[in-house]
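**Student:** Attaching a single structure in structure tokens format; questions to follow.
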Amino acid sequence: MSPQDFKKLAELLRQRSGLVLGEDKAYLAESRLTPVARHWGFNDAAALVGALARKQGKGGDPKLIADVVEAMTTNESFFFRDQKPFDQFRDVMLPHFLNARKQRRHVRIWSAACSSGQEPYSLAMVLKEQGAKVQGWQFDILATDLSREMLQRAETGLYTQFEVQRGLPIQMLAKYFTQDGDRWRISPEIRKMVTFKLHNLLEDCRSLGKFDIVFCRNVLIYFDQQTKARVLGQIAEVLADDGFLVLGGAETVLGISDRFKMMPGQRGLYIHNKADHATASQRG
């Protein structure tokens, strides 16, 4: 793959997915795109990228472009990843809404860039563990990703032994999964709590509706500053005035967006800049 073609590939990925591809990722691009190239009848990744570069001005084949973007997108996920956000969900966010929404008894949660579904299913298990505390409440968990393949995997709720060993407490495995051959299938009661939908974070998200909680973790790290600001701005538009935004441990809004501020004493947890949730964990 020539430097010129790699540059055009990087620009295509930036435009379509927000992913920033550094020059040191040329080998990665070659290895990930070779199977896609062969599937589409090209001799190698260089030929595929060359064809994309020639057709880019004409729009190109949407399915081919989608396959290229999907191949280059990182889909790393595991159950209860980093643990702290799920503790905050249980100990800070839920108590707030059990008080603030006690008339409506309805909370909407968005798991953005959900990959193969471990994050939204982890949230569903946390809710299930609350038992009588949330009886009579409606919790809608919407999980989105730009990868159709990842969403199809997530919807099956089927995971390998390796995947269930990464972060999932043994008692949760026993309680909410059944063995299916050499894999583990999540229970129907957890599966039905999550709705999966194809969505690109670079697109307008207002059609998804309003949310009380947005998990958008370990996604912004792949974007440039302008794209980060754009995504955060869109999330701000759909997040309830007293809502919560959860980012990854290596992510921040500082110097990027003035729409959010960190909740005091809660690393990775953000609220609207004019909101005050200081006593949320003591309410209810």
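The way I read the labels, and the way they are meant: chains A, B, ... in the order of the structure tokens, residue 1 as the first residue of every chain, and ligand 1 as the first ligand shown, with later ones counted on from there.
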Please list as a list of chain:residue names every residue within 12 Å of Lys102 (chain A), counting only C-alpha atoms and excluding residues in the same chain fewer than 6 positions away.
**Tutor:**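 The neighbour list is A:Leu94, A:Pro95, A:His96, A:Lys133, A:Val134, A:Gln135, A:Gly136, A:Trp137, A:Gln138, A:Arg283, A:Gly284.
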**Student:** List the spatial neighbours of region 23-30 of chain A as a JSON list (two decimals) with C-alpha atoms, in the first residue's frame - criterion: any atom at most 8 Å away, only C-alpha atoms, same-chain residues fewer than 6 positions off excluded.
**Tutor:**
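Wrote it out as result.json, contents follow:
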[["chain", "number", "residue", "atom", "x", "y", "z"],
["A", 1, "MET", "CA", 0.00, 0.00, 0.00],
["A", 6, "PHE", "CA", -2.75, 4.97, 3.08],
["A", 45, "ALA", "CA", -5.22, -4.58, 0.45],
["A", 46, "ALA", "CA", -3.32, -2.13, -1.74],
["A", 72, "MET", "CA", -10.54, -1.13, 10.89]]
**Student:** So that I can check the secondary structure, give me every residue of region 82-270 of chain A assigned strand (DSSP E or B) by backbone DSSP, as a count of residues only.
**Tutor:** 48
**Student:** List every residue of region 42-256 of chain A that DSSP, applied to the backbone of this structure, places in helix (DSSP H, G or I), and write the result as JSON, numbers by chain.
**Tutor:** {"A": [45, 46, 47, 48, 49, 50, 51, 52, 53, 54, 55, 56, 57, 58, 62, 63, 64, 65, 66, 67, 68, 69, 70, 71, 72, 84, 85, 86, 87, 88, 89, 90, 91, 92, 93, 94, 95, 96, 97, 98, 99, 100, 118, 119, 120, 121, 122, 123, 124, 125, 126, 127, 128, 129, 131, 132, 133, 134, 148, 149, 150, 151, 152, 153, 154, 155, 156, 161, 162, 163, 164, 165, 170, 171, 172, 173, 174, 175, 176, 188, 189, 190, 191, 206, 207, 208, 220, 221, 222, 225, 226, 227, 228, 229, 230, 231, 232, 233, 234, 235, 236, 237, 238]}
**Student:** List the neighbours of Gly233 (chain A) out to 10 Å using only C-alpha atoms; skip same-chain residues closer than 6 positions along the sequence, and give me the result as JSON, numbers by chain.
**Tutor:** {"A": [227, 256, 257, 258, 259, 260]}
**Student:** Against region 13-21 of chain A, which residues of region 192-229 of chain A fall within 8 Å? For each one I want the closest pair of atoms and the distance in Å (one decimal), counting only C-alpha atoms, rows by chain and increasing residue number, as a Markdown table.
**Tutor:**
| residue | atom | partner | partner_atom | distance |
| --- | --- | --- | --- | --- |
| A:Asn200 | CA | A:Ser17 | CA | 7.0 |
| A:Leu201 | CA | A:Ser17 | CA | 7.6 |
| A:Leu202 | CA | A:Ser17 | CA | 6.6 |
| A:Tyr222 | CA | A:Leu19 | CA | 5.3 |
| A:Phe223 | CA | A:Leu19 | CA | 5.3 |
| A:Asp224 | CA | A:Val20 | CA | 6.4 |
| A:Thr227 | CA | A:Gly18 | CA | 6.3 |
**Student:** Hey, which bits of region 204-240 of chain A sit within 12 Å of region 139-143 of chain A, and for each residue what's the closest pair of atoms and how far apart in Å (one decimal), counting only C-alpha atoms, rows by chain and increasing number, as a tab-separated table?
**Tutor:**
residue	atom	partner	partner_atom	distance
A:Leu208	CA	A:Leu142	CA	8.7
A:Gly209	CA	A:Leu142	CA	10.2
A:Lys210	CA	A:Leu142	CA	11.0
A:Phe211	CA	A:Asp140	CA	9.3
A:Asp212	CA	A:Asp140	CA	10.1
A:Ile213	CA	A:Ile141	CA	9.5
A:Val214	CA	A:Leu142	CA	9.6
A:Phe215	CA	A:Ala143	CA	9.4
A:Cys216	CA	A:Ala143	CA	10.4
**Student:** What is the distance between CA of Thr144 (chain A) and CA of Ser111 (chain A), in Å to one decimal?
**Tutor:**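 The value is 6.4 Å.
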